[in-house]
>>> print(open('target_38.txt').read())   # compact mmCIF, C-alpha atoms and all ligand atoms
# COMPACT_ATOMS: atom_id res chain seq x y z
CA MET A 120 0.00 0.00 0.00
CA LYS A 121 1.14 3.55 -0.78
CA ASN A 122 2.65 5.62 2.00
CA LEU A 123 0.43 8.35 3.40
CA LYS A 124 1.69 11.92 3.54
CA ILE A 125 1.07 14.13 6.54
CA ALA A 126 1.71 17.90 6.42
CA ILE A 127 2.84 19.68 9.58
CA GLN A 128 4.04 23.21 10.25
CA LYS A 129 7.72 23.68 9.31
CA SER A 130 8.41 26.15 12.09
CA GLY A 131 6.24 28.13 14.44
CA ARG A 132 3.86 27.54 17.27
CA LEU A 133 2.54 24.15 16.14
CA ASN A 134 5.80 22.60 14.91
CA GLU A 135 7.25 21.23 18.13
CA LYS A 136 4.02 19.71 19.45
CA SER A 137 3.17 18.19 16.06
CA VAL A 138 6.61 16.54 15.88
CA GLN A 139 6.32 15.39 19.50
CA LEU A 140 2.90 13.86 18.90
CA LEU A 141 4.19 11.83 15.94
CA LYS A 142 7.28 10.73 17.90
CA ASN A 143 5.07 9.72 20.82
CA CYS A 144 3.17 7.53 18.37
CA GLY A 145 6.40 5.52 18.02
CA LEU A 146 7.32 6.94 14.61
CA ASN A 147 11.05 7.16 13.86
CA PHE A 148 12.07 10.07 11.67
CA GLU A 149 14.75 12.70 11.36
CA ASN A 150 13.41 16.16 12.04
CA TYR A 151 15.56 17.88 9.43
CA LYS A 152 14.80 21.58 9.64
CA SER A 153 16.21 22.13 6.17
CA SER A 154 14.25 19.53 4.22
CA LEU A 155 10.67 19.78 3.12
CA ILE A 156 9.95 16.07 3.35
CA THR A 157 11.10 13.19 5.51
CA THR A 158 10.23 9.50 5.47
CA VAL A 159 9.26 7.63 8.62
CA GLY A 160 11.49 4.56 9.01
CA ASN A 161 9.05 2.25 10.77
CA PHE A 162 5.63 3.30 9.45
CA PRO A 163 4.24 3.90 5.92
CA LEU A 164 4.21 7.67 6.29
CA GLU A 165 6.01 10.66 4.85
CA ILE A 166 6.07 14.00 6.64
CA LEU A 167 5.88 17.29 4.73
CA PHE A 168 7.02 20.46 6.51
CA LEU A 169 5.01 23.45 5.27
CA ARG A 170 3.77 26.91 6.21
CA ASP A 171 0.58 26.42 8.18
CA ASP A 172 -1.44 28.54 5.73
CA ASP A 173 -0.72 26.04 2.93
CA ILE A 174 -1.71 22.91 4.87
CA PRO A 175 -5.54 22.93 4.48
CA GLY A 176 -5.30 23.51 0.72
CA TYR A 177 -2.72 20.76 0.24
CA VAL A 178 -4.91 18.31 2.13
CA ALA A 179 -8.07 19.35 0.28
CA GLN A 180 -6.29 18.82 -3.05
CA GLY A 181 -4.82 15.48 -1.94
CA ILE A 182 -1.19 16.60 -2.27
CA ALA A 183 -1.00 15.64 1.40
CA ASP A 184 -3.40 13.03 2.81
CA LEU A 185 -3.36 14.42 6.35
CA GLY A 186 -2.40 17.64 8.07
CA ILE A 187 -2.03 19.17 11.51
CA VAL A 188 -3.25 22.77 11.56
CA GLY A 189 -5.21 25.29 13.64
CA GLU A 190 -8.97 25.60 13.21
CA ASN A 191 -8.47 29.32 12.58
CA VAL A 192 -6.45 28.53 9.46
CA ILE A 193 -8.88 25.83 8.29
CA ASP A 194 -11.78 28.28 8.56
CA GLU A 195 -9.91 31.17 7.01
CA THR A 196 -8.82 29.15 3.95
CA GLN A 197 -12.29 27.52 3.67
CA ALA A 198 -10.58 24.34 2.46
CA GLN A 199 -12.80 21.26 2.19
CA VAL A 200 -11.11 18.90 4.64
CA GLU A 201 -12.39 16.34 7.14
CA TYR A 202 -11.84 16.81 10.87
CA VAL A 203 -10.22 13.52 11.92
CA GLN A 204 -9.17 14.31 15.49
CA ARG A 205 -8.98 17.32 17.82
CA LEU A 206 -5.46 17.38 19.26
CA GLY A 207 -5.78 19.55 22.38
CA PHE A 208 -2.77 21.79 21.72
CA GLY A 209 -2.28 25.12 19.95
CA LYS A 210 -5.24 26.55 21.82
CA CYS A 211 -5.91 30.23 21.22
CA ASN A 212 -8.72 32.74 20.77
CA LEU A 213 -9.51 35.05 17.92
CA LYS A 214 -10.82 38.25 19.48
CA LEU A 215 -11.88 41.74 18.62
CA ALA A 216 -9.88 44.37 20.49
CA ILE A 217 -10.20 48.14 20.69
CA PRO A 218 -8.06 51.01 22.00
CA LYS A 219 -8.33 51.45 25.77
CA ASP A 220 -9.94 54.88 25.32
CA SER A 221 -12.26 53.84 22.47
CA ASP A 222 -15.91 54.98 22.46
CA ILE A 223 -16.94 51.58 21.09
CA GLN A 224 -19.08 49.91 23.77
CA ASP A 225 -21.32 47.52 21.95
CA LEU A 226 -20.92 45.30 18.88
CA LYS A 227 -23.31 47.60 17.00
CA ASP A 228 -20.89 50.48 17.59
CA LEU A 229 -18.61 48.75 15.06
CA ASN A 230 -20.95 49.84 12.25
CA GLY A 231 -19.07 52.14 9.91
CA LYS A 232 -15.75 51.46 11.62
CA ALA A 233 -12.54 50.00 10.15
CA ILE A 234 -11.22 46.71 11.57
CA ALA A 235 -7.72 45.45 10.83
CA THR A 236 -7.14 41.69 10.70
CA SER A 237 -5.24 38.82 9.10
CA TYR A 238 -8.48 36.83 9.19
CA PRO A 239 -10.84 38.64 6.76
CA VAL A 240 -12.97 35.57 5.99
CA ILE A 241 -13.67 34.65 9.62
CA LEU A 242 -14.22 38.30 10.55
CA GLN A 243 -16.66 38.83 7.67
CA GLN A 244 -18.67 35.78 8.77
CA PHE A 245 -18.77 37.12 12.32
CA LEU A 246 -19.88 40.59 11.18
CA ASP A 247 -22.56 39.08 8.93
CA GLU A 248 -23.85 36.98 11.81
CA TYR A 249 -24.32 40.13 13.92
CA LYS A 250 -25.49 42.20 10.93
CA ILE A 251 -22.64 44.66 11.35
CA LYS A 252 -21.40 46.67 8.40
CA ALA A 253 -17.76 47.52 9.02
CA GLU A 254 -14.79 47.91 6.74
CA ILE A 255 -12.26 45.08 6.95
CA ARG A 256 -8.62 46.10 6.40
CA GLU A 257 -6.54 43.03 5.69
CA ILE A 258 -3.04 43.16 7.18
CA SER A 259 -0.67 40.20 7.18
CA GLY A 260 1.21 40.89 10.41
CA SER A 261 1.58 43.23 13.42
CA VAL A 262 -2.14 43.90 13.36
CA GLU A 263 -1.98 45.29 16.92
CA ILE A 264 -0.17 48.45 15.88
CA SER A 265 -2.78 49.51 13.29
CA PRO A 266 -5.14 51.43 15.64
CA GLY A 267 -2.17 53.41 17.02
CA LEU A 268 -1.20 54.31 13.45
CA GLY A 269 -4.72 55.50 12.70
CA LEU A 270 -5.30 52.65 10.25
CA ALA A 271 -8.19 51.05 12.10
CA ASP A 272 -10.69 51.58 14.94
CA ALA A 273 -10.47 47.97 16.09
CA ILE A 274 -8.58 44.78 15.37
CA CYS A 275 -9.46 41.12 15.11
CA ASP A 276 -6.50 38.91 16.00
CA ILE A 277 -5.32 35.89 17.95
CA VAL A 278 -4.94 36.70 21.61
CA SER A 279 -3.33 34.36 24.10
CA THR A 280 -2.21 36.26 27.19
CA GLY A 281 -3.33 39.74 26.21
CA GLY A 282 0.17 41.11 26.84
CA THR A 283 0.63 42.25 23.23
CA LEU A 284 -2.75 44.00 23.30
CA LYS A 285 -1.89 45.82 26.49
CA SER A 286 1.50 47.00 25.31
CA ASN A 287 -0.20 48.47 22.23
CA GLY A 288 -2.83 50.32 24.27
CA LEU A 289 -5.61 47.87 23.34
CA LYS A 290 -8.14 45.86 25.35
CA PRO A 291 -10.12 42.73 24.40
CA PHE A 292 -13.67 43.56 23.38
CA ALA A 293 -15.43 40.44 22.05
CA ASP A 294 -14.69 36.78 21.34
CA VAL A 295 -14.87 35.77 17.69
CA ARG A 296 -13.83 32.13 17.87
CA SER A 297 -11.63 29.71 19.79
CA SER A 298 -9.20 27.40 18.05
CA GLU A 299 -7.01 24.36 18.61
CA ALA A 300 -4.85 22.12 16.46
CA ILE A 301 -6.78 19.55 14.43
CA LEU A 302 -5.70 16.45 12.52
CA VAL A 303 -7.43 16.94 9.18
CA GLY A 304 -7.69 14.52 6.30
CA ASN A 305 -8.58 14.43 2.63
CA LYS A 306 -12.18 13.32 2.22
CA ASN A 307 -11.17 10.29 0.12
CA LEU A 308 -9.09 8.92 2.98
CA LEU A 309 -11.86 7.64 5.25
CA GLY A 310 -11.43 3.93 5.98
CA ASN A 311 -7.78 3.90 4.91
CA PRO A 312 -6.07 1.21 7.07
CA ILE A 313 -2.86 3.24 7.55
CA LEU A 314 -4.94 6.13 8.86
CA THR A 315 -6.86 3.75 11.14
CA GLU A 316 -3.59 2.51 12.66
CA LEU A 317 -2.13 6.02 13.00
CA LEU A 318 -5.34 7.34 14.54
CA GLN A 319 -5.37 4.53 17.13
CA ARG A 320 -1.85 5.47 18.16
CA ILE A 321 -2.69 9.19 18.30
CA GLN A 322 -5.75 8.52 20.43
CA SER A 323 -3.68 6.38 22.84
CA VAL A 324 -1.16 9.21 23.18
CA LEU A 325 -3.95 11.74 23.81
CA LEU A 326 -5.63 9.44 26.37
CA ALA A 327 -2.36 8.89 28.24
CA LYS A 328 -2.05 12.69 28.55
CA GLU A 329 -5.43 13.14 30.21
P1 LIG B 1 3.76 30.04 9.28
O1 LIG B 1 5.16 30.50 9.08
O2 LIG B 1 3.69 28.53 9.31
O3 LIG B 1 2.77 30.67 8.35
P2 LIG B 1 2.46 31.62 11.37
O4 LIG B 1 3.33 32.74 11.78
O5 LIG B 1 1.30 31.87 10.47
O6 LIG B 1 3.40 30.46 10.78
P3 LIG B 1 2.25 30.75 14.15
O7 LIG B 1 2.37 32.06 14.83
O8 LIG B 1 3.38 29.80 14.25
O9 LIG B 1 1.81 30.91 12.62
O10 LIG B 1 0.93 30.06 14.71
C1 LIG B 1 0.49 28.84 14.20
C2 LIG B 1 -0.86 28.53 14.81
O11 LIG B 1 -0.72 28.35 16.21
C3 LIG B 1 -1.92 29.60 14.69
O12 LIG B 1 -2.56 29.59 13.42
C4 LIG B 1 -2.89 29.20 15.80
O13 LIG B 1 -3.75 28.16 15.36
C5 LIG B 1 -1.96 28.63 16.86
N1 LIG B 1 -1.70 29.48 18.04
C6 LIG B 1 -1.72 29.07 19.32
N2 LIG B 1 -1.43 30.06 20.17
C7 LIG B 1 -1.20 31.14 19.45
C8 LIG B 1 -0.85 32.49 19.75
N3 LIG B 1 -0.65 32.92 20.99
N4 LIG B 1 -0.69 33.35 18.72
C9 LIG B 1 -0.84 32.93 17.46
N5 LIG B 1 -1.17 31.66 17.11
C10 LIG B 1 -1.36 30.78 18.07
ZN ZN B 2 0.86 31.14 8.78
>>> encode(input="target_38.txt", output="structure tokens")
Amino acid sequence: MKNLKIAIQKSGRLNEKSVQLLKNCGLNFENYKSSLITTVGNFPLEILFLRDDDIPGYVAQGIADLGIVGENVIDETQAQVEYVQRLGFGKCNLKLAIPKDSDIQDLKDLNGKAIATSYPVILQQFLDEYKIKAEIREISGSVEISPGLGLADAICDIVSTGGTLKSNGLKPFADVRSSEAILVGNKNLLGNPILTELLQRIQSVLLAKE
């Protein structure tokens, strides 16, 4: 049977825990930082190291069979992938935040305002749900500085401790969505025996952690 391919983040917040999970499943592989692909010695699996943003699309297209990626990225890319297993790490919250001295008090006060974010798709869905008409300004990084620069009245970004918000004169205002790392799979993969074996091992590792 053909090896399966699993895509994990090359470097960043999900890399270490994704590698650790696979190692805890008893998989032997070299974690070469420089290579894009590595073969597991004792299991029919290859590991692709990618930017997290590319993972849902690769899995949806079947270039990778499986992937480990945050729900925020799955939703933002709107890739058609199956949720195989919630993994319990990479937990974070996507929140709206406003300047400490802002006159915005209620969600409806966002009408007519500009909101900076790297998550325009998720933010648009949220605004639609609450029937808010605001302008979304898409920014790829350092979203927190945009209100201070006069680029936006609010931001929508991932918040973990709130320290970055505070140091930029912002405060959390509303929760948009929570997120954790998910094992996703291509929809044609269901019932694949290699996946069944891998999933059993992953679930044992997760159970042992509880
Ligand atoms: P890449 O280079 O792969 O595109 P990135 O900079 O987009 O990386 P990271 O900052 O490494 O992404 O975050 C990867 C994922 O980790 C996020 O998409 C999110 O699901 C999760 N995550 C968990 N905690 C946090 C946090 N405090 N801030 C940002 N992301 C977090
Ligand atoms: Zn990314």
>>> closest_atom_pairs(input="target_38.txt", of="chain A", to="ligand LIG 1 (chain B)", cutoff="8 Å", atoms="only C-alpha atoms and all ligand atoms", output="tab-separated table")
residue	atom	partner	partner_atom	distance
A:Gln128	CA	B:LIG1	O2	5.4
A:Lys129	CA	B:LIG1	O2	6.3
A:Ser130	CA	B:LIG1	O2	6.0
A:Gly131	CA	B:LIG1	O8	3.3
A:Arg132	CA	B:LIG1	O8	3.8
A:Leu133	CA	B:LIG1	O11	5.3
A:Asn134	CA	B:LIG1	O8	7.6
A:Leu169	CA	B:LIG1	O2	6.6
A:Arg170	CA	B:LIG1	O2	3.5
A:Asp171	CA	B:LIG1	O2	3.9
A:Asp172	CA	B:LIG1	O3	5.4
A:Asp173	CA	B:LIG1	O3	7.9
A:Val188	CA	B:LIG1	O13	6.6
A:Gly189	CA	B:LIG1	O13	3.7
A:Glu190	CA	B:LIG1	O13	6.2
A:Asn191	CA	B:LIG1	O13	5.6
A:Val192	CA	B:LIG1	O12	5.7
A:Phe208	CA	B:LIG1	C6	7.7
A:Gly209	CA	B:LIG1	C6	4.0
A:Lys210	CA	B:LIG1	C6	5.0
A:Cys211	CA	B:LIG1	N2	4.6
A:Asn212	CA	B:LIG1	N2	7.8
A:Ile277	CA	B:LIG1	N4	5.3
A:Val278	CA	B:LIG1	N3	5.8
A:Ser279	CA	B:LIG1	N3	4.4
A:Thr280	CA	B:LIG1	N3	7.2
A:Ser298	CA	B:LIG1	O13	6.1
A:Glu299	CA	B:LIG1	O13	6.0
A:Ala300	CA	B:LIG1	O13	6.2
>>> closest_residue(input="target_38.txt", among="A:Leu164, A:Ile193, A:Ala179, A:Ile274", to="ligand ZN 2 (chain B)", atoms="all atoms listed in the file")
A:Ile193
>>> residues_around(input="target_38.txt", residues="Leu284 of chain A", least_positions_apart="6", cutoff="10 Å", atoms="all atoms listed in the file", output="mmCIF file with C-alpha atoms, in the coordinates of the input")
data_model
loop_
_atom_site.group_PDB
_atom_site.id
_atom_site.type_symbol
_atom_site.label_atom_id
_atom_site.label_comp_id
_atom_site.auth_asym_id
_atom_site.auth_seq_id
_atom_site.Cartn_x
_atom_site.Cartn_y
_atom_site.Cartn_z
ATOM 1 C CA ALA A 216 -9.880 44.370 20.490
ATOM 2 C CA ILE A 217 -10.200 48.140 20.690
ATOM 3 C CA PRO A 218 -8.060 51.010 22.000
ATOM 4 C CA LYS A 219 -8.330 51.450 25.770
ATOM 5 C CA VAL A 262 -2.140 43.900 13.360
ATOM 6 C CA GLU A 263 -1.980 45.290 16.920
ATOM 7 C CA ILE A 264 -0.170 48.450 15.880
ATOM 8 C CA ILE A 274 -8.580 44.780 15.370
ATOM 9 C CA ASP A 276 -6.500 38.910 16.000
ATOM 10 C CA VAL A 278 -4.940 36.700 21.610
ATOM 11 C CA LYS A 290 -8.140 45.860 25.350
ATOM 12 C CA PRO A 291 -10.120 42.730 24.400
#
>>> closest_residue(input="target_38.txt", among="A:Leu246, A:Asp222, A:Asn307, A:Ser237", to="ligand ZN 2 (chain B)", atoms="only C-alpha atoms and all ligand atoms")
A:Ser237
>>> residues_around(input="target_38.txt", residues="Arg320 of chain A", least_positions_apart="3", cutoff="10 Å", atoms="all atoms listed in the file", output="short mmCIF file (atom, residue, chain, number, x, y, z; two decimals) with C-alpha atoms, in the coordinates of the input")
data_model
loop_
_atom_site.label_atom_id
_atom_site.label_comp_id
_atom_site.auth_asym_id
_atom_site.auth_seq_id
_atom_site.Cartn_x
_atom_site.Cartn_y
_atom_site.Cartn_z
CA LEU A 140 2.90 13.86 18.90
CA LEU A 141 4.19 11.83 15.94
CA ASN A 143 5.07 9.72 20.82
CA CYS A 144 3.17 7.53 18.37
CA GLY A 145 6.40 5.52 18.02
CA LEU A 146 7.32 6.94 14.61
CA LEU A 314 -4.94 6.13 8.86
CA THR A 315 -6.86 3.75 11.14
CA GLU A 316 -3.59 2.51 12.66
CA LEU A 317 -2.13 6.02 13.00
CA SER A 323 -3.68 6.38 22.84
CA VAL A 324 -1.16 9.21 23.18
CA LEU A 325 -3.95 11.74 23.81
CA LEU A 326 -5.63 9.44 26.37
#
>>> decode(input="target_38.txt", residues="segment 138-265 of chain A", atoms="C-alpha atoms", output="mmCIF file, in the first residue's frame")
data_model
loop_
_atom_site.group_PDB
_atom_site.id
_atom_site.type_symbol
_atom_site.label_atom_id
_atom_site.label_comp_id
_atom_site.auth_asym_id
_atom_site.auth_seq_id
_atom_site.Cartn_x
_atom_site.Cartn_y
_atom_site.Cartn_z
ATOM 1 C CA VAL A 138 6.612 16.535 15.882
ATOM 2 C CA GLN A 139 6.318 15.392 19.501
ATOM 3 C CA LEU A 140 2.896 13.856 18.896
ATOM 4 C CA LEU A 141 4.189 11.827 15.937
ATOM 5 C CA LYS A 142 7.285 10.728 17.898
ATOM 6 C CA ASN A 143 5.065 9.718 20.821
ATOM 7 C CA CYS A 144 3.168 7.532 18.371
ATOM 8 C CA GLY A 145 6.398 5.525 18.017
ATOM 9 C CA LEU A 146 7.316 6.937 14.613
ATOM 10 C CA ASN A 147 11.047 7.164 13.856
ATOM 11 C CA PHE A 148 12.065 10.066 11.675
ATOM 12 C CA GLU A 149 14.754 12.697 11.360
ATOM 13 C CA ASN A 150 13.406 16.156 12.041
ATOM 14 C CA TYR A 151 15.561 17.880 9.433
ATOM 15 C CA LYS A 152 14.803 21.578 9.644
ATOM 16 C CA SER A 153 16.207 22.130 6.170
ATOM 17 C CA SER A 154 14.253 19.532 4.216
ATOM 18 C CA LEU A 155 10.668 19.779 3.117
ATOM 19 C CA ILE A 156 9.945 16.073 3.347
ATOM 20 C CA THR A 157 11.096 13.192 5.511
ATOM 21 C CA THR A 158 10.231 9.504 5.474
ATOM 22 C CA VAL A 159 9.264 7.631 8.621
ATOM 23 C CA GLY A 160 11.487 4.558 9.008
ATOM 24 C CA ASN A 161 9.052 2.249 10.766
ATOM 25 C CA PHE A 162 5.631 3.298 9.447
ATOM 26 C CA PRO A 163 4.242 3.896 5.922
ATOM 27 C CA LEU A 164 4.213 7.668 6.294
ATOM 28 C CA GLU A 165 6.013 10.663 4.852
ATOM 29 C CA ILE A 166 6.072 14.001 6.640
ATOM 30 C CA LEU A 167 5.879 17.290 4.726
ATOM 31 C CA PHE A 168 7.023 20.464 6.505
ATOM 32 C CA LEU A 169 5.009 23.447 5.271
ATOM 33 C CA ARG A 170 3.769 26.909 6.209
ATOM 34 C CA ASP A 171 0.582 26.417 8.180
ATOM 35 C CA ASP A 172 -1.440 28.537 5.732
ATOM 36 C CA ASP A 173 -0.723 26.038 2.933
ATOM 37 C CA ILE A 174 -1.711 22.913 4.872
ATOM 38 C CA PRO A 175 -5.541 22.933 4.482
ATOM 39 C CA GLY A 176 -5.299 23.512 0.719
ATOM 40 C CA TYR A 177 -2.718 20.765 0.238
ATOM 41 C CA VAL A 178 -4.908 18.312 2.131
ATOM 42 C CA ALA A 179 -8.068 19.353 0.279
ATOM 43 C CA GLN A 180 -6.288 18.821 -3.053
ATOM 44 C CA GLY A 181 -4.825 15.481 -1.941
ATOM 45 C CA ILE A 182 -1.186 16.604 -2.274
ATOM 46 C CA ALA A 183 -1.002 15.643 1.399
ATOM 47 C CA ASP A 184 -3.399 13.030 2.814
ATOM 48 C CA LEU A 185 -3.361 14.415 6.351
ATOM 49 C CA GLY A 186 -2.398 17.643 8.068
ATOM 50 C CA ILE A 187 -2.031 19.167 11.508
ATOM 51 C CA VAL A 188 -3.251 22.767 11.561
ATOM 52 C CA GLY A 189 -5.209 25.287 13.644
ATOM 53 C CA GLU A 190 -8.970 25.601 13.209
ATOM 54 C CA ASN A 191 -8.469 29.319 12.582
ATOM 55 C CA VAL A 192 -6.449 28.531 9.460
ATOM 56 C CA ILE A 193 -8.884 25.830 8.293
ATOM 57 C CA ASP A 194 -11.777 28.282 8.557
ATOM 58 C CA GLU A 195 -9.906 31.173 7.015
ATOM 59 C CA THR A 196 -8.825 29.154 3.955
ATOM 60 C CA GLN A 197 -12.288 27.520 3.673
ATOM 61 C CA ALA A 198 -10.579 24.338 2.464
ATOM 62 C CA GLN A 199 -12.797 21.265 2.190
ATOM 63 C CA VAL A 200 -11.106 18.901 4.644
ATOM 64 C CA GLU A 201 -12.394 16.340 7.137
ATOM 65 C CA TYR A 202 -11.837 16.814 10.868
ATOM 66 C CA VAL A 203 -10.219 13.521 11.919
ATOM 67 C CA GLN A 204 -9.172 14.312 15.495
ATOM 68 C CA ARG A 205 -8.980 17.318 17.820
ATOM 69 C CA LEU A 206 -5.460 17.382 19.259
ATOM 70 C CA GLY A 207 -5.783 19.546 22.380
ATOM 71 C CA PHE A 208 -2.772 21.789 21.722
ATOM 72 C CA GLY A 209 -2.279 25.120 19.946
ATOM 73 C CA LYS A 210 -5.244 26.550 21.816
ATOM 74 C CA CYS A 211 -5.909 30.226 21.221
ATOM 75 C CA ASN A 212 -8.716 32.737 20.768
ATOM 76 C CA LEU A 213 -9.509 35.050 17.920
ATOM 77 C CA LYS A 214 -10.825 38.253 19.476
ATOM 78 C CA LEU A 215 -11.884 41.744 18.618
ATOM 79 C CA ALA A 216 -9.879 44.371 20.487
ATOM 80 C CA ILE A 217 -10.205 48.144 20.693
ATOM 81 C CA PRO A 218 -8.061 51.007 21.995
ATOM 82 C CA LYS A 219 -8.328 51.452 25.766
ATOM 83 C CA ASP A 220 -9.935 54.876 25.320
ATOM 84 C CA SER A 221 -12.265 53.840 22.465
ATOM 85 C CA ASP A 222 -15.908 54.983 22.464
ATOM 86 C CA ILE A 223 -16.945 51.579 21.091
ATOM 87 C CA GLN A 224 -19.079 49.915 23.775
ATOM 88 C CA ASP A 225 -21.321 47.519 21.955
ATOM 89 C CA LEU A 226 -20.921 45.299 18.880
ATOM 90 C CA LYS A 227 -23.306 47.599 17.003
ATOM 91 C CA ASP A 228 -20.892 50.478 17.589
ATOM 92 C CA LEU A 229 -18.608 48.749 15.057
ATOM 93 C CA ASN A 230 -20.954 49.839 12.253
ATOM 94 C CA GLY A 231 -19.069 52.140 9.909
ATOM 95 C CA LYS A 232 -15.748 51.458 11.625
ATOM 96 C CA ALA A 233 -12.544 49.997 10.152
ATOM 97 C CA ILE A 234 -11.225 46.715 11.570
ATOM 98 C CA ALA A 235 -7.720 45.449 10.835
ATOM 99 C CA THR A 236 -7.142 41.692 10.702
ATOM 100 C CA SER A 237 -5.238 38.822 9.104
ATOM 101 C CA TYR A 238 -8.482 36.826 9.187
ATOM 102 C CA PRO A 239 -10.836 38.644 6.762
ATOM 103 C CA VAL A 240 -12.972 35.570 5.993
ATOM 104 C CA ILE A 241 -13.666 34.647 9.622
ATOM 105 C CA LEU A 242 -14.223 38.301 10.549
ATOM 106 C CA GLN A 243 -16.660 38.833 7.666
ATOM 107 C CA GLN A 244 -18.673 35.780 8.768
ATOM 108 C CA PHE A 245 -18.772 37.124 12.325
ATOM 109 C CA LEU A 246 -19.882 40.594 11.182
ATOM 110 C CA ASP A 247 -22.562 39.077 8.928
ATOM 111 C CA GLU A 248 -23.851 36.984 11.813
ATOM 112 C CA TYR A 249 -24.320 40.132 13.917
ATOM 113 C CA LYS A 250 -25.490 42.196 10.925
ATOM 114 C CA ILE A 251 -22.640 44.660 11.351
ATOM 115 C CA LYS A 252 -21.399 46.672 8.399
ATOM 116 C CA ALA A 253 -17.763 47.516 9.018
ATOM 117 C CA GLU A 254 -14.789 47.908 6.741
ATOM 118 C CA ILE A 255 -12.255 45.081 6.946
ATOM 119 C CA ARG A 256 -8.625 46.098 6.401
ATOM 120 C CA GLU A 257 -6.544 43.030 5.694
ATOM 121 C CA ILE A 258 -3.040 43.164 7.176
ATOM 122 C CA SER A 259 -0.668 40.200 7.180
ATOM 123 C CA GLY A 260 1.212 40.894 10.409
ATOM 124 C CA SER A 261 1.581 43.226 13.424
ATOM 125 C CA VAL A 262 -2.141 43.904 13.357
ATOM 126 C CA GLU A 263 -1.976 45.287 16.917
ATOM 127 C CA ILE A 264 -0.165 48.455 15.875
ATOM 128 C CA SER A 265 -2.781 49.506 13.293
#
